[in-house]
$ cat input-v5.tsv   # TSV, C-alpha atoms
chain	number	residue	atom	x	y	z
J	296	MET	CA	3.29	-41.05	4.52
J	297	VAL	CA	0.05	-39.04	4.49
J	298	LYS	CA	-3.14	-40.29	2.88
J	299	SER	CA	-4.05	-38.95	-0.57
J	300	VAL	CA	-7.18	-37.18	0.75
J	301	ASP	CA	-5.01	-35.19	3.10
J	302	THR	CA	-2.61	-34.38	0.28
J	303	GLN	CA	-5.49	-32.96	-1.75
J	304	LEU	CA	-6.74	-30.86	1.15
J	305	ALA	CA	-3.23	-29.66	1.97
J	306	ILE	CA	-2.55	-28.43	-1.54
J	307	ARG	CA	-6.00	-26.80	-1.72
J	308	THR	CA	-5.32	-25.05	1.57
J	309	ALA	CA	-1.96	-23.78	0.37
J	310	LEU	CA	-3.54	-22.51	-2.85
J	311	LEU	CA	-6.40	-20.81	-1.00
J	312	ALA	CA	-3.97	-19.05	1.33
J	313	GLY	CA	-1.89	-17.91	-1.64
J	314	GLU	CA	-4.97	-16.70	-3.48
J	315	LEU	CA	-6.20	-14.69	-0.48
J	316	LEU	CA	-2.80	-13.10	0.06
J	317	ILE	CA	-2.35	-12.07	-3.58
J	318	GLU	CA	-5.94	-10.83	-3.92
J	319	ASN	CA	-5.57	-8.52	-0.98
J	320	GLY	CA	-2.22	-6.97	-1.80
J	321	SER	CA	0.57	-8.93	-0.11
J	322	ASN	CA	4.08	-9.01	-1.53
J	323	MET	CA	5.10	-12.20	-3.34
J	324	GLU	CA	7.91	-13.18	-0.99
J	325	ARG	CA	5.35	-13.50	1.81
J	326	VAL	CA	3.00	-15.51	-0.41
J	327	ASN	CA	5.71	-18.01	-1.33
J	328	ASP	CA	6.88	-18.20	2.26
J	329	THR	CA	3.37	-18.84	3.60
J	330	MET	CA	2.62	-21.52	1.00
J	331	ASP	CA	5.94	-23.28	1.69
J	332	ARG	CA	5.28	-23.24	5.41
J	333	ILE	CA	1.77	-24.64	5.02
J	334	ALA	CA	3.04	-27.39	2.72
J	335	ALA	CA	5.88	-28.27	5.09
J	336	THR	CA	3.58	-28.38	8.13
J	337	ALA	CA	0.97	-30.46	6.29
J	338	GLY	CA	3.66	-32.94	5.27
J	339	LEU	CA	3.72	-32.41	1.50
J	340	THR	CA	6.96	-33.52	-0.13
J	341	SER	CA	8.76	-31.58	-2.88
J	342	PHE	CA	6.11	-28.85	-2.93
J	343	GLN	CA	6.41	-26.33	-5.75
J	344	GLY	CA	4.42	-23.12	-5.79
J	345	PHE	CA	4.52	-20.80	-8.79
J	346	THR	CA	2.93	-17.46	-7.98
J	347	THR	CA	2.01	-14.67	-10.37
J	348	LEU	CA	-0.28	-11.71	-9.94
J	349	THR	CA	-3.11	-13.34	-11.91
J	350	GLY	CA	-2.85	-16.95	-10.81
J	351	VAL	CA	-1.14	-19.56	-8.64
J	352	VAL	CA	0.08	-23.01	-9.69
J	353	ALA	CA	1.11	-25.59	-7.12
J	354	SER	CA	2.19	-29.21	-7.25
J	355	ALA	CA	3.50	-31.82	-4.86
J	356	GLU	CA	4.76	-35.37	-4.91
J	357	GLY	CA	2.04	-38.02	-4.94
J	358	LEU	CA	-0.42	-35.90	-6.91
J	359	PRO	CA	-0.94	-36.70	-10.58
J	360	ASN	CA	-1.60	-33.10	-11.65
J	361	ALA	CA	-0.66	-29.58	-10.61
J	362	GLN	CA	-3.49	-27.42	-9.31
J	363	VAL	CA	-4.29	-23.91	-10.49
J	364	VAL	CA	-6.15	-20.95	-9.02
J	365	ALA	CA	-6.88	-17.94	-11.23
J	366	ILE	CA	-7.07	-14.51	-9.61
J	367	HIS	CA	-9.34	-12.01	-11.31
J	368	ASN	CA	-9.95	-9.09	-9.00
J	369	ARG	CA	-7.54	-7.50	-6.63
J	370	ALA	CA	-8.37	-5.26	-3.68
J	371	ASN	CA	-6.25	-3.58	-1.03
J	372	ASP	CA	-7.61	-5.16	2.12
J	373	LEU	CA	-4.58	-5.52	4.37
J	374	ASN	CA	-6.70	-6.83	7.26
J	375	LYS	CA	-7.23	-10.08	5.37
J	376	VAL	CA	-3.48	-10.37	4.82
J	377	ALA	CA	-3.01	-10.05	8.57
J	378	LEU	CA	-5.75	-12.62	9.27
J	379	VAL	CA	-4.28	-15.20	6.87
J	380	ASN	CA	-0.86	-14.57	8.36
J	381	GLY	CA	-2.16	-15.14	11.90
J	382	LEU	CA	-3.99	-18.34	10.91
J	383	SER	CA	-0.91	-19.67	9.13
J	384	ARG	CA	1.20	-19.00	12.23
J	385	LYS	CA	-1.30	-20.92	14.36
J	386	PHE	CA	-1.30	-23.82	11.90
J	387	SER	CA	2.50	-23.98	11.83
J	388	ALA	CA	2.56	-23.99	15.64
J	389	GLY	CA	0.17	-26.95	15.62
J	390	ARG	CA	-2.75	-25.12	17.22
J	391	LEU	CA	-5.06	-25.74	14.24
J	392	THR	CA	-5.68	-28.93	12.29
J	393	LEU	CA	-5.56	-28.85	8.51
J	394	LYS	CA	-9.36	-29.09	8.25
J	395	GLN	CA	-9.97	-26.28	10.74
J	396	PHE	CA	-7.38	-24.15	8.98
J	397	TYR	CA	-9.05	-24.68	5.60
J	398	HIS	CA	-12.48	-23.76	6.96
J	399	ARG	CA	-11.15	-20.65	8.71
J	400	LEU	CA	-9.54	-19.57	5.43
J	401	ARG	CA	-12.85	-20.06	3.61
J	402	GLU	CA	-14.51	-17.88	6.24
J	403	VAL	CA	-11.92	-15.15	5.71
J	404	LYS	CA	-12.52	-15.32	1.96
J	405	ARG	CA	-16.31	-15.11	2.26
J	406	LYS	CA	-16.56	-12.38	4.84
J	407	SER	CA	-16.19	-8.72	3.90
J	408	ASP	CA	-14.69	-6.76	6.76
J	409	MET	CA	-13.98	-3.34	5.26
J	410	THR	CA	-14.27	-0.34	7.53
J	411	PRO	CA	-17.72	1.32	7.37
J	412	VAL	CA	-18.05	3.64	4.37
J	413	VAL	CA	-18.57	6.72	6.56
J	414	TRP	CA	-15.19	6.16	8.22
J	415	GLN	CA	-13.56	5.76	4.83
J	416	TRP	CA	-14.98	9.10	3.67
J	417	LEU	CA	-13.84	10.79	6.83
J	418	ALA	CA	-10.38	9.25	6.57
J	419	ALA	CA	-10.04	10.35	2.92
J	420	ALA	CA	-11.18	13.88	3.77
J	421	VAL	CA	-8.79	14.22	6.73
J	422	LEU	CA	-5.97	12.66	4.69
J	423	SER	CA	-6.44	15.25	1.91
J	424	ALA	CA	-6.45	18.21	4.27
J	425	VAL	CA	-3.54	17.00	6.40
J	426	LEU	CA	-1.31	16.04	3.48
J	427	MET	CA	-1.94	19.40	1.86
J	428	ILE	CA	-0.66	21.11	4.99
J	429	VAL	CA	2.33	18.77	5.25
J	430	PHE	CA	3.35	19.25	1.61
J	431	THR	CA	2.75	22.96	1.20
J	432	GLY	CA	2.40	24.53	4.66
J	433	ASP	CA	-0.85	26.16	3.55
J	434	TYR	CA	-3.37	26.11	6.42
J	435	LEU	CA	-6.04	28.42	4.97
J	436	ASP	CA	-7.17	26.14	2.15
J	437	ALA	CA	-7.33	23.01	4.33
J	438	PRO	CA	-11.13	23.11	5.04
J	439	VAL	CA	-11.88	23.37	1.31
J	440	ASP	CA	-9.60	20.42	0.62
J	441	PHE	CA	-11.33	18.47	3.40
J	442	VAL	CA	-14.60	18.79	1.47
J	443	ILE	CA	-13.08	18.08	-1.95
J	444	GLY	CA	-11.21	15.00	-0.72
J	445	GLY	CA	-14.32	13.59	0.98
J	446	VAL	CA	-16.66	14.20	-1.97
J	447	SER	CA	-14.26	12.78	-4.56
J	448	TYR	CA	-13.56	9.67	-2.51
J	449	ALA	CA	-17.31	9.12	-2.04
J	450	ILE	CA	-17.70	9.23	-5.83
J	451	PHE	CA	-14.76	6.84	-6.22
J	452	LEU	CA	-16.32	4.31	-3.81
J	453	PHE	CA	-19.77	4.68	-5.38
J	454	LEU	CA	-18.53	4.11	-8.94
J	455	ASN	CA	-16.40	1.13	-7.89
J	456	GLN	CA	-19.45	-0.45	-6.27
J	457	ILE	CA	-21.85	0.20	-9.17
J	458	PHE	CA	-19.76	-0.39	-12.30
J	459	ARG	CA	-16.77	-2.44	-11.10
J	460	ILE	CA	-14.63	-1.13	-13.98
J	461	LYS	CA	-11.00	-0.72	-13.05
J	462	TYR	CA	-9.51	2.79	-13.40
J	463	LEU	CA	-12.92	4.37	-14.08
J	464	GLY	CA	-13.38	5.27	-10.41
J	465	GLU	CA	-9.98	6.95	-10.20
J	466	PHE	CA	-10.60	8.81	-13.46
J	467	ALA	CA	-14.03	10.16	-12.50
J	468	ALA	CA	-12.93	11.07	-8.97
J	469	SER	CA	-9.92	13.02	-10.31
J	470	LEU	CA	-12.19	14.79	-12.79
J	471	VAL	CA	-14.41	15.86	-9.89
J	472	ILE	CA	-11.35	16.96	-7.90
J	473	GLY	CA	-10.20	19.16	-10.75
J	474	LEU	CA	-13.62	20.70	-11.32
J	475	LEU	CA	-14.28	21.36	-7.62
J	476	ALA	CA	-10.82	22.87	-7.17
J	477	CYS	CA	-11.43	25.23	-10.13
J	478	LEU	CA	-14.83	26.14	-8.72
J	479	ALA	CA	-13.42	26.83	-5.24
J	480	VAL	CA	-10.69	29.08	-6.62
J	481	SER	CA	-13.01	31.00	-8.95
J	482	LEU	CA	-15.45	31.59	-6.07
J	483	HIS	CA	-12.51	32.83	-3.93
J	484	TRP	CA	-13.00	30.16	-1.27
J	485	ALA	CA	-9.39	29.07	-1.78
J	486	THR	CA	-6.30	30.68	-3.25
J	487	ASN	CA	-4.11	28.03	-4.86
J	488	ILE	CA	-5.52	25.39	-7.22
J	489	ASP	CA	-2.28	23.35	-7.29
J	490	THR	CA	-2.13	22.67	-3.57
J	491	LEU	CA	-5.83	21.78	-3.54
J	492	ILE	CA	-5.39	19.17	-6.28
J	493	VAL	CA	-2.19	17.69	-4.82
J	494	GLY	CA	-3.86	17.13	-1.45
J	495	ALA	CA	-7.16	15.79	-2.75
J	496	VAL	CA	-5.54	13.31	-5.16
J	497	MET	CA	-3.49	11.59	-2.44
J	498	PRO	CA	-6.19	9.10	-1.23
J	499	LEU	CA	-6.39	7.73	-4.78
J	500	VAL	CA	-2.63	7.23	-5.19
J	501	PRO	CA	-1.80	3.51	-5.76
J	502	GLY	CA	0.34	3.05	-2.66
J	503	VAL	CA	0.06	-0.72	-2.27
J	504	PRO	CA	0.90	-1.71	-5.89
J	505	LEU	CA	3.76	0.79	-5.94
J	506	THR	CA	5.40	-0.48	-2.74
J	507	ASN	CA	4.82	-4.11	-3.72
J	508	ALA	CA	6.23	-3.58	-7.20
J	509	MET	CA	9.46	-2.30	-5.70
J	510	ARG	CA	9.69	-5.08	-3.12
J	511	ASP	CA	8.91	-7.81	-5.65
J	512	LEU	CA	11.52	-6.49	-8.06
J	513	VAL	CA	14.14	-6.29	-5.34
J	514	SER	CA	13.37	-9.81	-4.08
J	515	GLY	CA	13.85	-11.14	-7.62
J	516	ASN	CA	10.29	-11.91	-8.73
J	517	LEU	CA	10.64	-10.67	-12.28
J	518	ILE	CA	7.08	-11.59	-13.33
J	519	SER	CA	5.09	-10.00	-10.57
J	520	GLY	CA	7.23	-6.87	-10.04
J	521	PRO	CA	6.78	-5.32	-13.50
J	522	THR	CA	3.09	-6.30	-13.70
J	523	ARG	CA	2.39	-4.54	-10.43
J	524	ALA	CA	4.34	-1.54	-11.68
J	525	ILE	CA	2.13	-1.49	-14.80
J	526	GLU	CA	-0.96	-1.58	-12.57
J	527	ALA	CA	0.36	1.37	-10.55
J	528	VAL	CA	1.31	3.32	-13.68
J	529	LEU	CA	-2.13	2.75	-15.24
J	530	THR	CA	-3.86	4.05	-12.11
J	531	ALA	CA	-1.56	7.06	-12.03
J	532	ALA	CA	-2.24	7.64	-15.73
J	533	ALA	CA	-6.01	7.58	-15.12
J	534	ILE	CA	-5.60	10.24	-12.41
J	535	GLY	CA	-3.18	12.28	-14.52
J	536	CYS	CA	-5.40	12.22	-17.63
J	537	ALA	CA	-8.41	13.48	-15.70
J	538	ILE	CA	-6.38	16.31	-14.16
J	539	VAL	CA	-4.93	17.18	-17.57
J	540	ILE	CA	-8.41	17.39	-19.11
J	541	VAL	CA	-9.53	19.84	-16.43
J	542	LEU	CA	-6.35	21.93	-16.38
J	543	ARG	CA	-6.39	22.28	-20.16
J	544	TYR	CA	-9.49	24.48	-19.93
J	545	VAL	CA	-8.62	26.51	-16.82
N	174	MET	CA	10.67	25.93	14.99
N	175	ILE	CA	10.07	23.22	17.58
N	176	THR	CA	6.30	23.81	17.43
N	177	LYS	CA	6.49	23.55	13.66
N	178	ALA	CA	8.40	20.28	13.89
N	179	ILE	CA	5.89	18.85	16.34
N	180	LEU	CA	3.01	19.93	14.11
N	181	GLN	CA	4.64	18.27	11.09
N	182	ALA	CA	5.06	15.01	13.03
N	183	VAL	CA	1.47	15.12	14.29
N	184	PHE	CA	0.10	15.74	10.81
N	185	ALA	CA	2.16	12.89	9.38
N	186	TYR	CA	0.87	10.65	12.21
N	187	VAL	CA	-2.73	11.54	11.35
N	188	ALA	CA	-2.11	11.08	7.61
N	189	THR	CA	-0.59	7.63	8.16
N	190	ILE	CA	-3.55	6.48	10.26
N	191	CYS	CA	-6.03	7.83	7.69
N	192	PHE	CA	-4.31	5.97	4.87
N	193	GLY	CA	-4.31	2.91	7.10
N	194	VAL	CA	-8.09	3.20	7.48
N	195	LEU	CA	-8.48	3.40	3.69
N	196	LEU	CA	-6.35	0.25	3.30
N	197	ASN	CA	-8.24	-1.44	6.15
N	198	ILE	CA	-5.26	-2.35	8.33
N	199	PRO	CA	-6.22	-4.02	11.64
N	200	PRO	CA	-7.20	-1.41	14.28
N	201	ARG	CA	-4.55	-2.55	16.78
N	202	ALA	CA	-1.88	-1.45	14.27
N	203	TYR	CA	-3.20	2.14	13.84
N	204	HIS	CA	-1.18	3.73	16.61
N	205	VAL	CA	2.08	1.93	15.86
N	206	ALA	CA	1.89	2.62	12.11
N	207	GLY	CA	1.10	6.26	12.86
N	208	MET	CA	4.10	6.56	15.16
N	209	ILE	CA	6.37	5.08	12.49
N	210	GLY	CA	5.00	7.44	9.84
N	211	GLY	CA	5.20	10.51	12.07
N	212	PHE	CA	8.72	9.85	13.31
N	213	SER	CA	10.21	9.03	9.91
N	214	TRP	CA	8.55	12.11	8.37
N	215	LEU	CA	10.02	14.24	11.17
N	216	VAL	CA	13.50	12.87	10.46
N	217	TYR	CA	13.03	13.46	6.71
N	218	TRP	CA	11.75	17.01	7.29
N	219	GLU	CA	14.73	17.84	9.48
N	220	ILE	CA	17.29	16.36	7.05
N	221	TYR	CA	15.75	17.76	3.89
N	222	TYR	CA	14.65	21.24	4.94
N	223	HIS	CA	17.27	22.13	7.57
N	224	LEU	CA	20.38	20.06	6.97
N	225	HIS	CA	19.90	20.16	3.16
N	226	TRP	CA	21.27	16.69	2.46
N	227	GLY	CA	19.36	16.46	-0.79
N	228	LEU	CA	16.31	14.61	-2.03
N	229	ALA	CA	17.75	11.15	-2.57
N	230	VAL	CA	19.60	10.75	0.74
N	231	SER	CA	16.75	12.11	2.87
N	232	ASN	CA	14.18	9.81	1.26
N	233	MET	CA	16.52	6.86	1.56
N	234	ILE	CA	17.20	7.45	5.26
N	235	ALA	CA	13.46	7.78	5.93
N	236	ALA	CA	12.78	4.54	4.04
N	237	ILE	CA	15.53	2.74	5.99
N	238	LEU	CA	13.93	3.90	9.25
N	239	ILE	CA	10.50	2.74	8.07
N	240	GLY	CA	11.92	-0.65	7.08
N	241	ILE	CA	13.62	-1.19	10.45
N	242	PHE	CA	10.73	0.03	12.61
N	243	ALA	CA	8.17	-1.90	10.56
N	244	MET	CA	10.08	-5.14	11.14
N	245	VAL	CA	10.35	-4.43	14.88
N	246	ALA	CA	6.62	-3.66	15.06
N	247	ALA	CA	5.79	-6.75	13.00
N	248	ARG	CA	7.71	-8.98	15.39
N	249	HIS	CA	6.08	-7.30	18.36
N	250	GLN	CA	2.46	-7.38	17.15
N	251	LYS	CA	2.77	-10.53	15.00
N	252	CYS	CA	1.45	-8.84	11.84
N	253	PRO	CA	3.02	-8.75	8.37
N	254	THR	CA	5.41	-5.82	7.78
N	255	ILE	CA	3.38	-4.52	4.83
N	256	ILE	CA	0.73	-3.30	7.29
N	257	TYR	CA	3.21	-0.75	8.64
N	258	THR	CA	5.29	0.11	5.58
N	259	VAL	CA	2.53	1.05	3.12
N	260	PRO	CA	0.66	3.57	5.31
N	261	SER	CA	3.92	5.10	6.59
N	262	LEU	CA	5.10	5.69	3.04
N	263	VAL	CA	2.06	7.83	2.15
N	264	THR	CA	3.88	11.08	2.95
N	265	PHE	CA	6.88	10.03	0.85
N	266	VAL	CA	5.04	8.94	-2.31
N	267	PRO	CA	6.06	11.56	-4.90
N	268	GLY	CA	2.47	12.62	-5.61
N	269	GLY	CA	3.20	16.34	-5.52
N	270	GLN	CA	6.13	16.05	-7.94
N	271	ALA	CA	4.14	13.79	-10.27
N	272	TYR	CA	1.34	16.35	-10.29
N	273	LYS	CA	3.72	19.22	-11.04
N	274	MET	CA	5.18	17.15	-13.87
N	275	VAL	CA	1.73	16.72	-15.44
N	276	ARG	CA	0.86	20.36	-14.83
N	277	ASN	CA	4.01	21.70	-16.49
N	278	PHE	CA	3.61	19.29	-19.37
N	279	VAL	CA	0.08	20.55	-20.03
N	280	VAL	CA	1.09	24.20	-19.82
N	281	GLY	CA	3.97	23.54	-22.23
N	282	ASN	CA	7.00	23.89	-19.94
N	283	ASN	CA	8.65	20.69	-21.11
N	284	GLY	CA	11.94	21.54	-19.41
N	285	GLN	CA	10.30	21.99	-16.00
N	286	SER	CA	8.27	18.85	-16.59
N	287	LEU	CA	11.45	16.82	-17.15
N	288	ILE	CA	12.96	18.16	-13.93
N	289	PHE	CA	9.97	16.89	-11.97
N	290	LEU	CA	10.05	13.55	-13.81
N	291	TYR	CA	13.66	13.21	-12.69
N	292	GLN	CA	12.64	13.99	-9.11
N	293	VAL	CA	9.88	11.37	-9.17
N	294	MET	CA	12.33	8.74	-10.39
N	295	VAL	CA	14.96	9.71	-7.80
N	296	ILE	CA	12.44	9.52	-4.95
N	297	ALA	CA	11.02	6.17	-6.09
N	298	GLY	CA	14.51	4.72	-6.44
N	299	ALA	CA	15.64	6.07	-3.08
N	300	ILE	CA	12.62	4.58	-1.30
N	301	THR	CA	13.18	1.17	-2.93
N	302	LEU	CA	16.84	1.22	-1.98
N	303	GLY	CA	16.01	2.37	1.54
N	304	LEU	CA	13.47	-0.42	2.15
N	305	GLY	CA	16.01	-2.93	0.82
N	306	ILE	CA	18.75	-1.63	3.11
N	307	GLY	CA	16.31	-1.65	6.04
N	308	GLU	CA	15.55	-5.30	5.40
N	309	MET	CA	19.28	-6.04	5.18
N	310	ILE	CA	19.90	-4.38	8.54
N	311	ASN	CA	17.06	-6.40	10.04
N	312	ARG	CA	18.59	-9.63	8.76
N	313	LEU	CA	21.89	-8.57	10.35
N	314	LEU	CA	20.15	-7.85	13.65
N	315	TYR	CA	17.83	-10.85	13.81
N	316	GLY	CA	19.83	-13.38	11.82
N	317	PRO	CA	18.86	-14.93	8.47
N	318	LYS	CA	15.29	-15.99	7.80
N	319	LYS	CA	14.52	-19.55	8.78
N	320	LEU	CA	13.07	-21.28	5.74
N	321	PRO	CA	10.89	-24.36	6.15
N	322	ASN	CA	12.52	-27.58	5.07
N	323	ARG	CA	11.08	-28.44	1.66
N	324	HIS	CA	12.30	-32.00	1.39
N	325	ASN	CA	11.41	-33.44	4.74
$ encode --input "input-v5.tsv" --output "C-alpha cells"
Amino acid sequence: MVKSVDTQLAIRTALLAGELLIENGSNMERVNDTMDRIAATAGLTSFQGFTTLTGVVASAEGLPNAQVVAIHNRANDLNKVALVNGLSRKFSAGRLTLKQFYHRLREVKRKSDMTPVVWQWLAAAVLSAVLMIVFTGDYLDAPVDFVIGGVSYAIFLFLNQIFRIKYLGEFAASLVIGLLACLAVSLHWATNIDTLIVGAVMPLVPGVPLTNAMRDLVSGNLISGPTRAIEAVLTAAAIGCAIVIVLRYV
Amino acid sequence: MITKAILQAVFAYVATICFGVLLNIPPRAYHVAGMIGGFSWLVYWEIYYHLHWGLAVSNMIAAILIGIFAMVAARHQKCPTIIYTVPSLVTFVPGGQAYKMVRNFVVGNNGQSLIFLYQVMVIAGAITLGLGIGEMINRLLYGPKKLPNRHN
C-alpha cells in the first residue's frame, strides 16, 4: 500500500500529463493510455480518468475526492507531445522516480520550445509554393505564392501573439491572401487567382484537429471527436468567409 | 513521366517537412515524416492520375500506407504516431476542393458547389477509413496492444 502523499502526487502527475497532451494536440486514445500507464506504474488502484477536450477528471481508490484540471487554450505543439511520451516511457521503465517525473513534466509545461519565427515564415512560404505546384502543376506562379504565403502567415502569427482571439488570425490572414492574390493578378505578376489562393491557404488549414477528430470518432470517444470536428469546421469557416468576402468584389 | 513522378514525390517530401516545422515536430522526425509523405503522395498520384481508380480508393490506399509507415516509424524512433501522420496528410487534406466549393457557391454555381462538397466528404471519409484500416493491419502485424493492468 502506498502512502497518501504519494497517491496525491501520482494523481497530480497523471492529470498534468493528460493536460499537456490534450493542450498540445494529441489524440484521446493516447491520453487515456498514458494516464492509465502512469497510474499503474505509480501503484494507484482502480484509477479512472475521464478526458474531454476542455478538461480532465481523475479519481483513484484511497482519495476522498476526484481531481479536475480545466484546459482553456489549445496549441498544436507536437514536440511537447513527443516529450511527454518519452518521459512517460522512462517512468514506466522505472528510470525516473515519481517526483522526478512530475518535475520534468512541469518543466515541459513551462518552457516554450517553438521553432524560431523566421523558420516558421520560411516553412509557410515554401509550403504554399510547393503545394500549389503539387495541386495544379503551375510552376510560373510559384514565386508569387511564396511571397503571399509568407506574408499571410506572418500576419497570422503576429495577430495570434497580440490579440489571442481564436479564429481572428485565420480570418485576417485569409483576407490578406485574397487581397494580395487579386493584386498580383491585376498587376499581371501571376495568371490564375484560384491556384494562388489554394496554395497560400494551406498553412492555415486545421490539420491537427481534423485528423484527431477522425481518430477520436473511430476509437469511440463520442465527446471529444465531434468537439474537435466543430473546432476544425469553425477554423475552416473563418478562412472560407474571408475568401468569400474578397471574391465577392473581384 | 519518370522525372515528373520524381518531382511530385520531392515536392510532397518538402511540403510534409514544412508542415512539420509549422506543427513543431521534433527535428529527428523531419526526414522520416517527409519520406512517408513523399512516398504515399507518389503512390496516390500514380493510382489517381494514371490508373484512374477513383478518388475514394486512391485516398484510402494512401491513408492506409501512411497509417502503416507511421506506426513502423513510431516504433523505430519511439515517438507518437501523430507526429508522422498529421504532416504526411497535408497533401491529402481536401483544401483545393473545399476552396472550389466556396468559390462556386459565391459565384452562384450551386450545382458545381455541391459536386465539390461531395468530393470533400468522400476524401475525408476515405482518409478516416484508411487510417483505421492501417491501424488494424498494424495490430495484426504486431499483435494486440498491451494495456496496463488497472486493478493490480
$ residues_around --input "input-v5.tsv" --residues "region 184-201 of chain N" --least-positions-apart "4" --cutoff "8 Å" --atoms "all atoms listed in the file" --output "number ranges by chain"
J: 371-374, 377, 409-410, 414-415, 418-419, 421-422, 425-426, 428-429, 498; N: 180, 206-212, 214, 256, 260-264
$ closest_residue --input "input-v5.tsv" --among "J:Leu304, J:Ile450, J:Leu542, J:Val351" --to "Leu339 (chain J)" --atoms "only C-alpha atoms"
J:Leu304
$ closest_residue --input "input-v5.tsv" --among "N:Val183, N:Ile310, N:Ala235, N:Leu224" --to "chain J" --atoms "all atoms listed in the file"
N:Val183
$ atom_distance --input "input-v5.tsv" --atom1 "CA of Met274 (chain N)" --atom2 "CA of Ile534 (chain J)"
12.9 Å
$ residues_around --input "input-v5.tsv" --residues "Phe242 (chain N)" --least-positions-apart "2" --cutoff "9 Å" --atoms "all atoms listed in the file" --output "number ranges by chain"
N: 209, 237-240, 244-247, 257-258, 307
$ atom_distance --input "input-v5.tsv" --atom1 "CA of Glu356 (chain J)" --atom2 "CA of Phe342 (chain J)"
6.9 Å
$ residues_around --input "input-v5.tsv" --residues "region 442-449 of chain J" --least-positions-apart "4" --cutoff "7 Å" --atoms "only C-alpha atoms" --output "ChimeraX atom specification"
/J:416-417,419-420,423,438,453,468,471-472,475,495
$ atom_distance --input "input-v5.tsv" --atom1 "CA of Val230 (chain N)" --atom2 "CA of Trp218 (chain N)"
12.0 Å
$ axis_aligned_box --input "input-v5.tsv" --around "region 287-303 of chain N" --padding-each-side "5 Å" --output "lines of an AutoDock Vina configuration file"
center_x = 13.4
center_y = 9.7
center_z = -7.8
size_x = 17.0
size_y = 27.0
size_z = 28.7
$ closest_residue --input "input-v5.tsv" --among "N:Gln292, N:Thr254, N:Asn283, N:Asn311" --to "chain J" --atoms "all atoms listed in the file"
N:Thr254
$ closest_residue --input "input-v5.tsv" --among "N:Ala182, N:His225, N:Ile255, N:Leu215" --to "Leu304 (chain N)" --atoms "only C-alpha atoms"
N:Ile255
$ build_atoms --input "input-v5.tsv" --residues "region 294-308 of chain N" --atoms "N, CA and C atoms" --output "PDB file, in the coordinates of the input"
ATOM      1  N   MET N 294      11.543   9.962 -10.257  1.00  0.00           N
ATOM      2  CA  MET N 294      12.330   8.740 -10.390  1.00  0.00           C
ATOM      3  C   MET N 294      13.349   8.622  -9.263  1.00  0.00           C
ATOM      4  N   VAL N 295      13.977   9.750  -8.891  1.00  0.00           N
ATOM      5  CA  VAL N 295      14.960   9.710  -7.800  1.00  0.00           C
ATOM      6  C   VAL N 295      14.291   9.282  -6.503  1.00  0.00           C
ATOM      7  N   ILE N 296      13.104   9.850  -6.210  1.00  0.00           N
ATOM      8  CA  ILE N 296      12.440   9.520  -4.950  1.00  0.00           C
ATOM      9  C   ILE N 296      12.046   8.044  -4.934  1.00  0.00           C
ATOM     10  N   ALA N 297      11.447   7.567  -6.050  1.00  0.00           N
ATOM     11  CA  ALA N 297      11.020   6.170  -6.090  1.00  0.00           C
ATOM     12  C   ALA N 297      12.211   5.237  -5.897  1.00  0.00           C
ATOM     13  N   GLY N 298      13.320   5.557  -6.580  1.00  0.00           N
ATOM     14  CA  GLY N 298      14.510   4.720  -6.440  1.00  0.00           C
ATOM     15  C   GLY N 298      15.060   4.750  -5.037  1.00  0.00           C
ATOM     16  N   ALA N 299      15.087   5.952  -4.429  1.00  0.00           N
ATOM     17  CA  ALA N 299      15.640   6.070  -3.080  1.00  0.00           C
ATOM     18  C   ALA N 299      14.810   5.286  -2.083  1.00  0.00           C
ATOM     19  N   ILE N 300      13.471   5.319  -2.240  1.00  0.00           N
ATOM     20  CA  ILE N 300      12.620   4.580  -1.300  1.00  0.00           C
ATOM     21  C   ILE N 300      12.841   3.082  -1.456  1.00  0.00           C
ATOM     22  N   THR N 301      12.925   2.603  -2.701  1.00  0.00           N
ATOM     23  CA  THR N 301      13.180   1.170  -2.930  1.00  0.00           C
ATOM     24  C   THR N 301      14.470   0.743  -2.264  1.00  0.00           C
ATOM     25  N   LEU N 302      15.527   1.532  -2.545  1.00  0.00           N
ATOM     26  CA  LEU N 302      16.840   1.220  -1.980  1.00  0.00           C
ATOM     27  C   LEU N 302      16.784   1.232  -0.455  1.00  0.00           C
ATOM     28  N   GLY N 303      16.101   2.234   0.091  1.00  0.00           N
ATOM     29  CA  GLY N 303      16.010   2.370   1.540  1.00  0.00           C
ATOM     30  C   GLY N 303      15.319   1.178   2.172  1.00  0.00           C
ATOM     31  N   LEU N 304      14.170   0.746   1.586  1.00  0.00           N
ATOM     32  CA  LEU N 304      13.470  -0.420   2.150  1.00  0.00           C
ATOM     33  C   LEU N 304      14.356  -1.654   2.079  1.00  0.00           C
ATOM     34  N   GLY N 305      15.098  -1.790   0.955  1.00  0.00           N
ATOM     35  CA  GLY N 305      16.010  -2.930   0.820  1.00  0.00           C
ATOM     36  C   GLY N 305      17.084  -2.921   1.889  1.00  0.00           C
ATOM     37  N   ILE N 306      17.695  -1.729   2.103  1.00  0.00           N
ATOM     38  CA  ILE N 306      18.750  -1.630   3.110  1.00  0.00           C
ATOM     39  C   ILE N 306      18.191  -1.900   4.498  1.00  0.00           C
ATOM     40  N   GLY N 307      16.952  -1.393   4.746  1.00  0.00           N
ATOM     41  CA  GLY N 307      16.310  -1.650   6.040  1.00  0.00           C
ATOM     42  C   GLY N 307      16.152  -3.126   6.289  1.00  0.00           C
ATOM     43  N   GLU N 308      15.734  -3.856   5.254  1.00  0.00           N
ATOM     44  CA  GLU N 308      15.550  -5.300   5.400  1.00  0.00           C
ATOM     45  C   GLU N 308      16.889  -5.982   5.672  1.00  0.00           C
TER      46      GLU N 308
END
